[in-house]
file protein.cif (mmCIF, C-alpha atoms)
data_entry
loop_
_atom_site.group_PDB
_atom_site.id
_atom_site.type_symbol
_atom_site.label_atom_id
_atom_site.label_comp_id
_atom_site.auth_asym_id
_atom_site.auth_seq_id
_atom_site.Cartn_x
_atom_site.Cartn_y
_atom_site.Cartn_z
ATOM 1 C CA MET A 29 180.644 115.922 -31.351
ATOM 2 C CA LYS A 30 184.011 115.381 -29.644
ATOM 3 C CA PHE A 31 185.662 117.050 -32.633
ATOM 4 C CA PHE A 32 183.597 120.242 -32.100
ATOM 5 C CA ILE A 33 184.381 120.274 -28.386
ATOM 6 C CA LEU A 34 188.109 119.972 -29.179
ATOM 7 C CA LEU A 35 187.827 122.801 -31.706
ATOM 8 C CA ALA A 36 186.086 125.000 -29.143
ATOM 9 C CA LEU A 37 188.731 124.253 -26.510
ATOM 10 C CA PHE A 38 191.542 124.846 -29.012
ATOM 11 C CA GLY A 39 190.006 128.184 -29.971
ATOM 12 C CA ALA A 40 189.583 129.219 -26.343
ATOM 13 C CA ALA A 41 193.178 128.359 -25.562
ATOM 14 C CA PHE A 42 194.809 130.016 -28.567
ATOM 15 C CA GLY A 43 192.483 132.719 -29.834
ATOM 16 C CA GLN A 44 191.378 135.278 -27.279
ATOM 17 C CA ASN A 45 188.945 138.012 -27.999
ATOM 18 C CA LEU A 46 189.918 141.644 -27.643
ATOM 19 C CA ARG A 47 187.742 142.275 -24.577
ATOM 20 C CA ALA A 48 189.412 139.422 -22.657
ATOM 21 C CA GLU A 49 192.895 140.580 -23.675
ATOM 22 C CA VAL A 50 192.261 144.192 -22.674
ATOM 23 C CA ASP A 51 190.814 142.990 -19.367
ATOM 24 C CA GLN A 52 194.111 141.168 -18.732
ATOM 25 C CA LEU A 53 196.125 144.322 -19.480
ATOM 26 C CA LEU A 54 194.129 146.743 -17.317
ATOM 27 C CA PRO A 55 195.316 145.534 -13.888
ATOM 28 C CA PHE A 56 198.892 146.484 -14.842
ATOM 29 C CA LEU A 57 197.715 150.075 -15.274
ATOM 30 C CA ASN A 58 195.908 150.358 -11.924
ATOM 31 C CA MET A 59 193.708 153.131 -13.307
ATOM 32 C CA GLU A 60 191.687 153.690 -10.116
ATOM 33 C CA GLU A 61 194.850 154.424 -8.136
ATOM 34 C CA VAL A 62 196.209 156.587 -10.981
ATOM 35 C CA ARG A 63 192.955 158.563 -11.018
ATOM 36 C CA THR A 64 193.135 159.039 -7.231
ATOM 37 C CA ILE A 65 196.717 160.353 -7.402
ATOM 38 C CA TYR A 66 195.893 162.661 -10.313
ATOM 39 C CA GLU A 67 192.788 164.074 -8.593
ATOM 40 C CA ARG A 68 194.733 164.671 -5.371
ATOM 41 C CA TYR A 69 197.404 166.635 -7.231
ATOM 42 C CA VAL A 70 194.845 168.625 -9.219
ATOM 43 C CA GLN A 71 193.066 169.590 -6.001
ATOM 44 C CA THR A 72 196.115 170.313 -3.821
ATOM 45 C CA ASP A 73 198.953 171.401 -6.118
ATOM 46 C CA ALA A 74 198.658 174.765 -7.870
ATOM 47 C CA GLN A 75 201.108 173.888 -10.629
ATOM 48 C CA VAL A 76 199.386 170.619 -11.552
ATOM 49 C CA GLY A 77 196.095 172.502 -11.223
ATOM 50 C CA GLU A 78 197.405 174.933 -13.845
ATOM 51 C CA ILE A 79 198.100 172.054 -16.229
ATOM 52 C CA TRP A 80 194.626 170.644 -15.475
ATOM 53 C CA SER A 81 193.098 174.030 -16.302
ATOM 54 C CA PHE A 82 194.917 174.022 -19.629
ATOM 55 C CA LEU A 83 193.543 170.526 -20.303
ATOM 56 C CA GLN A 84 190.046 172.031 -19.974
ATOM 57 C CA SER A 85 190.799 174.810 -22.496
ATOM 58 C CA GLU A 86 189.562 175.379 -26.030
ATOM 59 C CA GLU A 87 193.097 174.700 -27.267
ATOM 60 C CA THR A 88 192.968 171.212 -25.759
ATOM 61 C CA ASP A 89 189.440 170.712 -27.069
ATOM 62 C CA ALA A 90 190.628 171.577 -30.593
ATOM 63 C CA ALA A 91 193.424 168.979 -30.375
ATOM 64 C CA TRP A 92 190.937 166.418 -28.984
ATOM 65 C CA ARG A 93 188.550 167.037 -31.906
ATOM 66 C CA VAL A 94 191.427 166.437 -34.335
ATOM 67 C CA LEU A 95 192.289 163.188 -32.530
ATOM 68 C CA ILE A 96 188.778 161.739 -32.460
ATOM 69 C CA GLY A 97 188.101 162.952 -36.018
ATOM 70 C CA THR A 98 191.119 161.139 -37.457
ATOM 71 C CA PRO A 99 189.776 158.611 -40.005
ATOM 72 C CA GLU A 100 192.326 155.997 -38.943
ATOM 73 C CA LEU A 101 191.285 156.253 -35.296
ATOM 74 C CA GLN A 102 187.594 156.174 -36.251
ATOM 75 C CA GLU A 103 188.164 153.002 -38.261
ATOM 76 C CA ILE A 104 190.095 151.344 -35.438
ATOM 77 C CA SER A 105 187.505 152.514 -32.902
ATOM 78 C CA ALA A 106 184.636 151.022 -34.924
ATOM 79 C CA TRP A 107 186.542 147.732 -35.164
ATOM 80 C CA THR A 108 187.125 147.612 -31.392
ATOM 81 C CA GLU A 109 183.547 148.675 -30.488
ATOM 82 C CA VAL A 110 182.193 145.589 -32.265
ATOM 83 C CA ARG A 111 184.497 143.541 -30.018
ATOM 84 C CA GLY A 112 183.302 145.158 -26.785
ATOM 85 C CA VAL A 113 186.181 147.612 -26.291
ATOM 86 C CA SER A 114 185.644 151.374 -26.417
ATOM 87 C CA ILE A 115 188.737 153.269 -27.557
ATOM 88 C CA ARG A 116 187.173 156.529 -26.366
ATOM 89 C CA ASP A 117 186.894 155.158 -22.830
ATOM 90 C CA TYR A 118 190.544 154.158 -22.865
ATOM 91 C CA LEU A 119 191.778 157.452 -24.326
ATOM 92 C CA ASN A 120 190.992 159.045 -20.976
ATOM 93 C CA GLY A 121 193.634 156.820 -19.414
ATOM 94 C CA ILE A 122 196.215 157.160 -22.168
ATOM 95 C CA ALA A 123 198.462 159.497 -20.189
ATOM 96 C CA ALA A 124 199.185 156.823 -17.595
ATOM 97 C CA MET A 125 199.465 154.082 -20.213
ATOM 98 C CA LEU A 126 202.089 156.021 -22.155
ATOM 99 C CA GLY A 127 204.044 156.877 -19.033
ATOM 100 C CA LEU A 128 203.974 160.654 -19.308
ATOM 101 C CA THR A 129 207.156 162.078 -17.903
ATOM 102 C CA PRO A 130 208.409 165.618 -17.448
ATOM 103 C CA ILE A 131 211.153 167.132 -19.553
ATOM 104 C CA THR A 132 214.414 166.723 -17.719
ATOM 105 C CA ARG A 133 216.437 169.253 -19.699
ATOM 106 C CA SER A 134 217.946 171.959 -17.529
ATOM 107 C CA VAL A 135 215.901 174.689 -19.200
ATOM 108 C CA ASN A 136 212.773 173.314 -17.516
ATOM 109 C CA ALA A 137 214.342 171.869 -14.394
ATOM 110 C CA LYS A 138 213.512 174.943 -12.302
ATOM 111 C CA SER A 139 209.868 175.119 -13.380
ATOM 112 C CA PRO A 140 207.550 174.579 -10.380
ATOM 113 C CA ALA A 141 205.018 172.937 -12.703
ATOM 114 C CA SER A 142 207.685 170.562 -13.954
ATOM 115 C CA ARG A 143 208.691 169.596 -10.406
ATOM 116 C CA SER A 144 205.055 169.083 -9.394
ATOM 117 C CA TRP A 145 204.350 167.080 -12.547
ATOM 118 C CA THR A 146 207.472 165.009 -11.842
ATOM 119 C CA ALA A 147 206.315 164.188 -8.324
ATOM 120 C CA MET A 148 202.848 163.217 -9.540
ATOM 121 C CA MET A 149 204.207 161.033 -12.353
ATOM 122 C CA ASP A 150 206.660 159.365 -9.958
ATOM 123 C CA GLU A 151 203.711 158.351 -7.776
ATOM 124 C CA ILE A 152 201.769 157.132 -10.807
ATOM 125 C CA ARG A 153 204.706 155.091 -12.098
ATOM 126 C CA ALA A 154 205.050 153.531 -8.629
ATOM 127 C CA VAL A 155 201.501 152.082 -8.817
ATOM 128 C CA THR A 156 201.588 150.967 -12.474
ATOM 129 C CA ASP A 157 203.533 148.296 -14.284
ATOM 130 C CA LEU A 158 203.963 149.558 -17.847
ATOM 131 C CA GLU A 159 206.731 147.064 -18.561
ATOM 132 C CA GLY A 160 204.499 144.205 -17.439
ATOM 133 C CA ALA A 161 201.631 145.510 -19.566
ATOM 134 C CA GLU A 162 203.899 145.804 -22.585
ATOM 135 C CA ALA A 163 205.322 142.313 -22.046
ATOM 136 C CA LEU A 164 201.814 140.839 -21.909
ATOM 137 C CA ALA A 165 200.783 142.899 -24.943
ATOM 138 C CA ARG A 166 203.767 141.506 -26.846
ATOM 139 C CA THR A 167 202.599 137.944 -26.102
ATOM 140 C CA PHE A 168 199.195 138.830 -27.554
ATOM 141 C CA ILE A 169 200.864 140.427 -30.588
ATOM 142 C CA ALA A 170 202.929 137.284 -31.200
ATOM 143 C CA ASN A 171 199.788 135.116 -31.227
ATOM 144 C CA PRO A 172 198.333 135.092 -34.782
ATOM 145 C CA ALA A 173 194.871 134.296 -33.367
ATOM 146 C CA SER A 174 194.894 137.297 -30.995
ATOM 147 C CA GLU A 175 192.486 140.148 -31.683
ATOM 148 C CA PHE A 176 194.833 142.463 -29.769
ATOM 149 C CA GLY A 177 197.556 141.389 -32.194
ATOM 150 C CA GLU A 178 195.207 142.143 -35.076
ATOM 151 C CA LEU A 179 194.483 145.581 -33.592
ATOM 152 C CA TYR A 180 198.228 146.181 -33.228
ATOM 153 C CA ARG A 181 198.887 145.289 -36.880
ATOM 154 C CA MET A 182 195.915 147.406 -37.991
ATOM 155 C CA THR A 183 197.338 150.388 -36.101
ATOM 156 C CA GLN A 184 200.845 149.741 -37.463
ATOM 157 C CA ALA A 185 199.487 149.861 -41.019
ATOM 158 C CA ARG A 186 198.010 153.330 -40.402
ATOM 159 C CA ARG A 187 201.286 155.044 -39.569
ATOM 160 C CA ALA A 188 200.797 157.819 -42.146
ATOM 161 C CA GLY A 189 197.488 158.865 -40.599
ATOM 162 C CA PHE A 190 198.916 158.995 -37.093
ATOM 163 C CA THR A 191 201.934 160.942 -38.365
ATOM 164 C CA ARG A 192 199.540 163.498 -39.908
ATOM 165 C CA LEU A 193 197.770 163.690 -36.553
ATOM 166 C CA ILE A 194 201.001 164.515 -34.699
ATOM 167 C CA GLU A 195 201.824 167.193 -37.303
ATOM 168 C CA ASN A 196 198.366 168.854 -37.230
ATOM 169 C CA ALA A 197 198.545 172.563 -36.300
ATOM 170 C CA ASP A 198 196.079 172.219 -33.383
ATOM 171 C CA VAL A 199 197.972 169.225 -32.012
ATOM 172 C CA LEU A 200 201.305 171.053 -32.406
ATOM 173 C CA ARG A 201 199.962 174.050 -30.411
ATOM 174 C CA PHE A 202 198.674 171.701 -27.711
ATOM 175 C CA SER A 203 202.022 169.846 -27.581
ATOM 176 C CA ALA A 204 203.981 173.101 -27.377
ATOM 177 C CA GLN A 205 201.951 174.215 -24.366
ATOM 178 C CA LEU A 206 202.452 170.878 -22.619
ATOM 179 C CA ARG A 207 206.205 171.219 -23.241
ATOM 180 C CA ALA A 208 206.077 174.686 -21.668
ATOM 181 C CA PHE A 209 204.524 173.074 -18.578
ATOM 182 C CA GLY A 210 207.402 170.583 -18.454
ATOM 183 C CA VAL A 211 205.749 167.514 -19.989
ATOM 184 C CA ASP A 212 208.099 165.523 -22.216
ATOM 185 C CA VAL A 213 205.787 165.192 -25.205
ATOM 186 C CA ASP A 214 208.654 163.985 -27.383
ATOM 187 C CA GLN A 215 209.277 161.012 -25.092
ATOM 188 C CA ILE A 216 205.574 160.122 -25.250
ATOM 189 C CA ILE A 217 205.596 160.209 -29.043
ATOM 190 C CA THR A 218 208.835 158.210 -29.155
ATOM 191 C CA ARG A 219 207.414 155.579 -26.805
ATOM 192 C CA PHE A 220 204.303 155.259 -28.992
ATOM 193 C CA GLN A 221 206.394 155.037 -32.170
ATOM 194 C CA ASN A 222 208.731 152.450 -30.632
ATOM 195 C CA PHE A 223 205.814 150.292 -29.505
ATOM 196 C CA PHE A 224 204.463 150.202 -33.060
ATOM 197 C CA GLY A 225 207.916 149.878 -34.698
ATOM 198 C CA TRP A 226 207.640 153.239 -36.457
ATOM 199 C CA ASN A 227 211.197 154.361 -35.722
#

call {"tool": "encode", "arguments": {"input": "protein.cif", "output": "structure tokens"}}
result
Amino acid sequence: MKFFILLALFGAAFGQNLRAEVDQLLPFLNMEEVRTIYERYVQTDAQVGEIWSFLQSEETDAAWRVLIGTPELQEISAWTEVRGVSIRDYLNGIAAMLGLTPITRSVNAKSPASRSWTAMMDEIRAVTDLEGAEALARTFIANPASEFGELYRMTQARRAGFTRLIENADVLRFSAQLRAFGVDVDQIITRFQNFFGWN
């Protein structure tokens, strides 16, 4: 009996389930505060409101359908659902998690939307700790018994599918429009690729 108790304690100490690991990561993202900042800007800033309107468009919907229809994401989503984590729920917060930032090139520097987006993202970055979240995620990844680490490796192995997603015509149109608004889509993609070692 003592042997089984020791095994249970060993497993609890070294092998965390995905739900517990995600729950440890979420406080770094401060999603309630991020949502409050975003809603305030959407309601009070015309330029951010313009971006929000675009995010409600058919063009955005087409890119979203491509994303959620990607076989690799569906496979990963099914795997996480069984473990009590809904990828679809977290996709709504992906902008803050990836640290969306405006393009800083001079061609867009004078864009009112870019300046408004910059101010909003500065506030969001001030209430989140992406570096802390990534550091904690890396400890999970390093643990062979971690389900988050398993999810990470599963995602890494599906690089080709995610590359096809980024190159899809609907996604390219969506990305081009975000760039026109002053959102640095390339930095977002680079950050994602760097996290998964796809560079």

call {"tool": "atom_distance", "arguments": {"input": "protein.cif", "atom1": "atom CA of Val62 of chain A", "atom2": "atom CA of Ala161 of chain A"}}
result
15.0 Å

call {"tool": "residues_around", "arguments": {"input": "protein.cif", "residues": "Tyr66 of chain A", "least_positions_apart": "6", "cutoff": "10 Å", "atoms": "all atoms listed in the file", "output": "JSON, numbers by chain"}}
result
{"A": [60, 76, 77, 80, 124, 145, 148, 149, 151, 152]}

call {"tool": "closest_residue", "arguments": {"input": "protein.cif", "among": "A:Thr146, A:Gln84, A:Thr218, A:Thr183", "to": "Ser105 of chain A", "atoms": "only C-alpha atoms"}}
result
A:Thr183

call {"tool": "residues_near_point", "arguments": {"input": "protein.cif", "point": "(187.5, 153.9, -34.2)", "cutoff": "12 Å", "atoms": "all atoms listed in the file", "output": "list of chain:residue names"}}
result
A:Leu95, A:Ile96, A:Gly97, A:Thr98, A:Pro99, A:Glu100, A:Leu101, A:Gln102, A:Glu103, A:Ile104, A:Ser105, A:Ala106, A:Trp107, A:Thr108, A:Glu109, A:Val110, A:Arg111, A:Val113, A:Ser114, A:Ile115, A:Arg116, A:Asp117, A:Tyr118, A:Leu119, A:Leu179, A:Met182, A:Thr183

call {"tool": "atom_distance", "arguments": {"input": "protein.cif", "atom1": "atom CA of Thr156 of chain A", "atom2": "atom CA of Phe202 of chain A"}}
result
25.9 Å

call {"tool": "resolve_selection", "arguments": {"input": "protein.cif", "expression": "the PyMOL selection byres ((chain A and resi 70) around 12)", "output": "list in words"}}
result
Arg63, Thr64, Ile65, Tyr66, Glu67, Arg68, Tyr69, Gln71, Thr72, Asp73, Ala74, Gln75, Val76, Gly77, Glu78, Ile79, Trp80, Ser81, Phe82, Leu83, Ala141, Ser144, Trp145 and Met148 of chain A

call {"tool": "atom_distance", "arguments": {"input": "protein.cif", "atom1": "atom CA of Phe176 of chain A", "atom2": "atom CA of Arg47 of chain A"}}
result
8.8 Å

call {"tool": "closest_residue", "arguments": {"input": "protein.cif", "among": "A:Val94, A:Asn222, A:Ala188, A:Ala154", "to": "Phe56 of chain A", "atoms": "all atoms listed in the file"}}
result
A:Ala154

call {"tool": "residues_around", "arguments": {"input": "protein.cif", "residues": "Phe168 of chain A", "least_positions_apart": "2", "cutoff": "12 Å", "atoms": "all atoms listed in the file", "output": "NGL selection string"}}
result
:A and (42-46 or 48-50 or 52-53 or 161-166 or 170-181)

call {"tool": "closest_residue", "arguments": {"input": "protein.cif", "among": "A:Gln205, A:Gln184, A:Phe224, A:Ile217", "to": "Ser85 of chain A", "atoms": "all atoms listed in the file"}}
result
A:Gln205

call {"tool": "closest_residue", "arguments": {"input": "protein.cif", "among": "A:Thr191, A:Asp51, A:Val211, A:Arg93", "to": "Asn227 of chain A", "atoms": "all atoms listed in the file"}}
result
A:Thr191

call {"tool": "resolve_selection", "arguments": {"input": "protein.cif", "expression": "the PyMOL selection byres ((chain A and resi 200) around 12)", "output": "number ranges by chain"}}
result
A: 87-88, 90-92, 94-95, 191-199, 201-207, 213-214

call {"tool": "write_last_selection", "arguments": {"input": "protein.cif", "atoms": "C-alpha atoms", "output": "PDB file, in the frame of the given file"}}
result
ATOM      1  CA  GLU A  87     193.097 174.700 -27.267  1.00  0.00           C
ATOM      2  CA  THR A  88     192.968 171.212 -25.759  1.00  0.00           C
ATOM      3  CA  ALA A  90     190.628 171.577 -30.593  1.00  0.00           C
ATOM      4  CA  ALA A  91     193.424 168.979 -30.375  1.00  0.00           C
ATOM      5  CA  TRP A  92     190.937 166.418 -28.984  1.00  0.00           C
ATOM      6  CA  VAL A  94     191.427 166.437 -34.335  1.00  0.00           C
ATOM      7  CA  LEU A  95     192.289 163.188 -32.530  1.00  0.00           C
ATOM      8  CA  THR A 191     201.934 160.942 -38.365  1.00  0.00           C
ATOM      9  CA  ARG A 192     199.540 163.498 -39.908  1.00  0.00           C
ATOM     10  CA  LEU A 193     197.770 163.690 -36.553  1.00  0.00           C
ATOM     11  CA  ILE A 194     201.001 164.515 -34.699  1.00  0.00           C
ATOM     12  CA  GLU A 195     201.824 167.193 -37.303  1.00  0.00           C
ATOM     13  CA  ASN A 196     198.366 168.854 -37.230  1.00  0.00           C
ATOM     14  CA  ALA A 197     198.545 172.563 -36.300  1.00  0.00           C
ATOM     15  CA  ASP A 198     196.079 172.219 -33.383  1.00  0.00           C
ATOM     16  CA  VAL A 199     197.972 169.225 -32.012  1.00  0.00           C
ATOM     17  CA  ARG A 201     199.962 174.050 -30.411  1.00  0.00           C
ATOM     18  CA  PHE A 202     198.674 171.701 -27.711  1.00  0.00           C
ATOM     19  CA  SER A 203     202.022 169.846 -27.581  1.00  0.00           C
ATOM     20  CA  ALA A 204     203.981 173.101 -27.377  1.00  0.00           C
ATOM     21  CA  GLN A 205     201.951 174.215 -24.366  1.00  0.00           C
ATOM     22  CA  LEU A 206     202.452 170.878 -22.619  1.00  0.00           C
ATOM     23  CA  ARG A 207     206.205 171.219 -23.241  1.00  0.00           C
ATOM     24  CA  VAL A 213     205.787 165.192 -25.205  1.00  0.00           C
ATOM     25  CA  ASP A 214     208.654 163.985 -27.383  1.00  0.00           C
TER      26      ASP A 214
END

call {"tool": "axis_aligned_box", "arguments": {"input": "protein.cif", "around": "segment 68-82 of chain A", "padding_each_side": "8 Å", "output": "lines of an AutoDock Vina configuration file"}}
result
center_x = 197.1
center_y = 169.8
center_z = -11.7
size_x = 24.0
size_y = 26.3
size_z = 31.8
